[in-house]
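What follows is a single structure, written as structure tokens, with notes after it.
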Amino acid sequence: MKLQTLVPILPLPVTLSLQDKVTVLGSCFADAVGSRLAEWGWDASVNPFGTLFNPVSVCNSAARMDSGIPFTEADCVEMGAGAGRIGSFSHHTSFARPTPEAFLANANAVLEVASARWKASNRVLITLGTAWVYRHKESGEVVANCLKRPAGEFSRECLSVPQVTALLTSLVKRHAEKSFIFTVSPIRHLQDGAHANQLSKATLLLALEAVCAAFPERTAYFPAYEIVLDELRDYRFYAEDMLHPSAQAEDYIFERFIDAVLPPAQRSDLEARRKALLASRHRPLH
């Protein structure tokens, strides 16, 4: 008996060899995949601005790494809710520090390294989480994170399919030296509402379909979203919040991903790395 609806995945048109240099950008699912790539020995730069959820913030981070322009005091924003920390609308809250000087020192040190690695990378893995964005009313800027500031400072809008398509098309066009693998995060953004979350995911899926059709040799789509919804449609594959995939589910999706992108000639090399990784984790009982 078949007790699952398997999602068939043919080898992707964009491969990921052990020699490739990878930049991973996007949602917390990108963190999960990127950390495993780094752990398994890939040269991978993972979310140098912290977790990013929407396409505008992902593309803005790529533009910042292109320019390498340092962050300044004008970028510093005091977090709300009495946090007593300083961050920026370009970063995840994990970058927040007690003072502007500490924030800028860390953010610019990370940017310098990330910019060099981005320019050297030939593969980019992008995971999009949501088409919903928050725009800071005073500056008009779409923010990567609201930093716990009062809700009245922001307006909320859902990007359209043409908007997302244009953003990602421009990113791919500007970087002819890179190939892109896109995924849609399987994590549900239920704070947007169940129906709004589905509209958001549909927007991302339609936009990525258009981008991959326009650049068939340099772009590919990996169906992480579909694997969770169809193959792993059981809450035992979710974390305690019932929204994020469990570590076991992430491991399974990562294995499916590697099967789809790794050149067959390198499978024995990867298996050797896997065994070395397991051996390094072994701790004798006595």
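Residue numbering restarts at 1 in every chain; chains get A, B, ... in the order shown in the structure tokens, and ligands count up from 1 in that same order.
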_Residues within 8 Å of stretch 59-64 of chain A, please, as a ChimeraX atom specification. Count only C-alpha atoms; anything in the same chain fewer than 6 positions from it doesn't count._
/A:49,90,115,167-168,171
How would the residues just chosen look if you wrote them out with N, CA and C atoms as a compact mmCIF listing (two decimals), in the first residue's frame?
```txt
# COMPACT_ATOMS: atom_id res chain seq x y z
N PHE A 49 22.02 39.02 6.64
CA PHE A 49 21.22 40.07 7.25
C PHE A 49 20.23 39.48 8.25
N SER A 90 16.69 46.86 7.84
CA SER A 90 17.27 45.94 6.85
C SER A 90 17.66 44.59 7.46
N SER A 115 29.53 40.61 1.45
CA SER A 115 29.62 41.22 0.12
C SER A 115 30.67 40.52 -0.72
N LEU A 167 10.60 42.03 -9.45
CA LEU A 167 11.70 42.08 -8.50
C LEU A 167 12.72 40.97 -8.77
N LEU A 168 12.23 39.75 -8.88
CA LEU A 168 13.12 38.60 -9.04
C LEU A 168 13.74 38.55 -10.44
N LEU A 171 16.65 40.84 -10.37
CA LEU A 171 17.77 40.24 -9.63
C LEU A 171 18.53 39.24 -10.50
```
_Residue neighbourhood A:Asp75, 10 Å, only C-alpha atoms, exclusion window fewer than 4 positions, as a ChimeraX atom specification_ = /A:70-71,86-90,100,104
Grab the residues selected above and save them as a compact mmCIF listing (two decimals), in the first residue's frame with N, CA and C atoms.
```txt
# COMPACT_ATOMS: atom_id res chain seq x y z
N PRO A 70 28.49 50.74 3.49
CA PRO A 70 28.29 50.45 4.92
C PRO A 70 27.01 51.08 5.46
N PHE A 71 26.50 50.49 6.53
CA PHE A 71 25.38 51.08 7.25
C PHE A 71 25.89 52.24 8.11
N ILE A 86 19.23 48.49 19.61
CA ILE A 86 19.27 49.21 18.34
C ILE A 86 19.42 48.20 17.21
N GLY A 87 18.57 48.35 16.19
CA GLY A 87 18.67 47.51 15.00
C GLY A 87 18.50 48.37 13.76
N SER A 88 18.07 47.73 12.66
CA SER A 88 17.76 48.48 11.45
C SER A 88 16.62 47.78 10.74
N PHE A 89 15.96 48.50 9.85
CA PHE A 89 14.87 47.92 9.08
C PHE A 89 15.37 47.00 7.97
N SER A 90 16.69 46.86 7.84
CA SER A 90 17.27 45.94 6.85
C SER A 90 17.66 44.59 7.46
N PRO A 100 24.05 52.09 19.17
CA PRO A 100 24.25 52.24 17.72
C PRO A 100 25.66 51.83 17.29
N LEU A 104 26.35 48.98 14.52
CA LEU A 104 27.03 49.29 13.26
C LEU A 104 28.32 48.51 13.10
```
*Report the residues of stretch 35-163 of chain A whose backbone DSSP state falls under helix (DSSP H, G or I), written as a ChimeraX atom specification.*
/A:35-39,55-67,73-75,93-95,100-120,151-153,161-163
Keeping C-alpha atoms for every residue in the selection just given, could you write it to a file as a PDB file, in the first residue's frame?
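Output saved as result_28.pdb:
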```pdb
ATOM      1  CA  SER A  35      23.047  25.496   7.925  1.00  0.00           C
ATOM      2  CA  ARG A  36      22.964  21.921   6.643  1.00  0.00           C
ATOM      3  CA  LEU A  37      24.854  22.878   3.474  1.00  0.00           C
ATOM      4  CA  ALA A  38      27.565  24.529   5.586  1.00  0.00           C
ATOM      5  CA  GLU A  39      27.647  21.564   7.956  1.00  0.00           C
ATOM      6  CA  PRO A  55      10.899  39.315  -1.798  1.00  0.00           C
ATOM      7  CA  VAL A  56      11.577  43.052  -1.405  1.00  0.00           C
ATOM      8  CA  SER A  57      13.882  42.514   1.583  1.00  0.00           C
ATOM      9  CA  VAL A  58      15.660  39.624  -0.144  1.00  0.00           C
ATOM     10  CA  CYS A  59      16.342  41.761  -3.226  1.00  0.00           C
ATOM     11  CA  ASN A  60      17.362  44.744  -1.087  1.00  0.00           C
ATOM     12  CA  SER A  61      19.918  42.593   0.734  1.00  0.00           C
ATOM     13  CA  ALA A  62      21.381  41.447  -2.606  1.00  0.00           C
ATOM     14  CA  ALA A  63      21.625  45.066  -3.744  1.00  0.00           C
ATOM     15  CA  ARG A  64      23.406  46.013  -0.511  1.00  0.00           C
ATOM     16  CA  MET A  65      25.929  43.223  -0.992  1.00  0.00           C
ATOM     17  CA  ASP A  66      26.442  44.381  -4.582  1.00  0.00           C
ATOM     18  CA  SER A  67      27.236  47.911  -3.471  1.00  0.00           C
ATOM     19  CA  GLU A  73      23.657  56.036  12.008  1.00  0.00           C
ATOM     20  CA  ALA A  74      20.847  56.983   9.636  1.00  0.00           C
ATOM     21  CA  ASP A  75      20.035  53.273   9.385  1.00  0.00           C
ATOM     22  CA  THR A  93      16.217  41.433  15.307  1.00  0.00           C
ATOM     23  CA  SER A  94      19.068  38.987  16.012  1.00  0.00           C
ATOM     24  CA  PHE A  95      21.380  41.793  14.823  1.00  0.00           C
ATOM     25  CA  PRO A 100      24.254  52.237  17.721  1.00  0.00           C
ATOM     26  CA  GLU A 101      28.035  51.857  17.769  1.00  0.00           C
ATOM     27  CA  ALA A 102      27.814  48.158  18.641  1.00  0.00           C
ATOM     28  CA  PHE A 103      25.110  47.542  16.046  1.00  0.00           C
ATOM     29  CA  LEU A 104      27.028  49.288  13.256  1.00  0.00           C
ATOM     30  CA  ALA A 105      30.308  47.587  14.110  1.00  0.00           C
ATOM     31  CA  ASN A 106      28.715  44.155  13.873  1.00  0.00           C
ATOM     32  CA  ALA A 107      26.456  44.870  10.879  1.00  0.00           C
ATOM     33  CA  ASN A 108      29.273  46.376   8.805  1.00  0.00           C
ATOM     34  CA  ALA A 109      31.762  43.646   9.699  1.00  0.00           C
ATOM     35  CA  VAL A 110      29.243  41.039   8.559  1.00  0.00           C
ATOM     36  CA  LEU A 111      28.409  43.067   5.432  1.00  0.00           C
ATOM     37  CA  GLU A 112      32.053  43.295   4.395  1.00  0.00           C
ATOM     38  CA  VAL A 113      32.490  39.527   4.530  1.00  0.00           C
ATOM     39  CA  ALA A 114      29.066  38.806   3.018  1.00  0.00           C
ATOM     40  CA  SER A 115      29.618  41.219   0.123  1.00  0.00           C
ATOM     41  CA  ALA A 116      32.880  39.519  -0.841  1.00  0.00           C
ATOM     42  CA  ARG A 117      31.298  36.065  -0.598  1.00  0.00           C
ATOM     43  CA  TRP A 118      28.224  37.182  -2.552  1.00  0.00           C
ATOM     44  CA  LYS A 119      30.366  38.492  -5.399  1.00  0.00           C
ATOM     45  CA  ALA A 120      32.333  35.233  -5.454  1.00  0.00           C
ATOM     46  CA  ALA A 151       1.851  49.035  14.553  1.00  0.00           C
ATOM     47  CA  GLY A 152       0.617  52.501  13.605  1.00  0.00           C
ATOM     48  CA  GLU A 153       4.033  53.303  12.105  1.00  0.00           C
ATOM     49  CA  VAL A 161       2.310  38.563  -8.923  1.00  0.00           C
ATOM     50  CA  PRO A 162       3.691  41.152 -11.411  1.00  0.00           C
ATOM     51  CA  GLN A 163       5.502  42.980  -8.597  1.00  0.00           C
TER      52      GLN A 163
END
```
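The smallest atom-to-atom distance between A:Leu204 and any of A:Ser155, A:Ser179, A:Gln266, A:Asn54, using only C-alpha atoms, is found for A:Asn54.
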*Skipping near chain neighbours, those fewer than 2 positions away, what residues fall within 9 Å of A:Val46 using only C-alpha atoms, listed as an NGL selection string?*
:A and (22-26 or 30-31 or 34-35 or 38 or 44 or 48-50 or 114)
*Can you pull out every residue within 6 Å of A:Phe182, counting only C-alpha atoms, but drop anything in the same chain fewer than 5 positions away, and send it as a PyMOL selection string?*
chain A and resi 125-127+221
Selected residues written out with N, CA and C atoms, as an mmCIF file, in the first residue's frame:
```
data_model
loop_
_atom_site.group_PDB
_atom_site.id
_atom_site.type_symbol
_atom_site.label_atom_id
_atom_site.label_comp_id
_atom_site.auth_asym_id
_atom_site.auth_seq_id
_atom_site.Cartn_x
_atom_site.Cartn_y
_atom_site.Cartn_z
ATOM 1 N N LEU A 125 20.628 30.373 -3.428
ATOM 2 C CA LEU A 125 19.422 29.670 -2.995
ATOM 3 C C LEU A 125 18.539 30.664 -2.251
ATOM 4 N N ILE A 126 17.328 30.895 -2.758
ATOM 5 C CA ILE A 126 16.410 31.872 -2.167
ATOM 6 C C ILE A 126 15.114 31.172 -1.761
ATOM 7 N N THR A 127 14.749 31.332 -0.501
ATOM 8 C CA THR A 127 13.479 30.820 -0.001
ATOM 9 C C THR A 127 12.593 31.999 0.373
ATOM 10 N N TYR A 221 13.194 25.678 -9.646
ATOM 11 C CA TYR A 221 12.296 25.707 -8.492
ATOM 12 C C TYR A 221 12.326 24.344 -7.817
#
```
_Residues of stretch 202-255 of chain A in strand (DSSP E or B), written as number ranges by chain_ = A: 219-221, 238, 245
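With atom CA of A:Glu226 on one side and atom CA of A:Leu6 on the other, the separation reads 9.6 Å.
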*From the list A:Ala176, A:Val14, A:Met242, A:Leu277, which residue is nearest A:Phe222 when using only C-alpha atoms?*
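Closest to A:Phe222, using only C-alpha atoms: A:Val14.
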*asked:* If we count only C-alpha atoms and set the cut-off at 10 Å, which residues sit around A:Ser160, ignoring sequence neighbours fewer than 4 positions away in its own chain? Please answer as number ranges by chain.
replied: A: 131-132, 164-166, 200, 203-204, 206-207
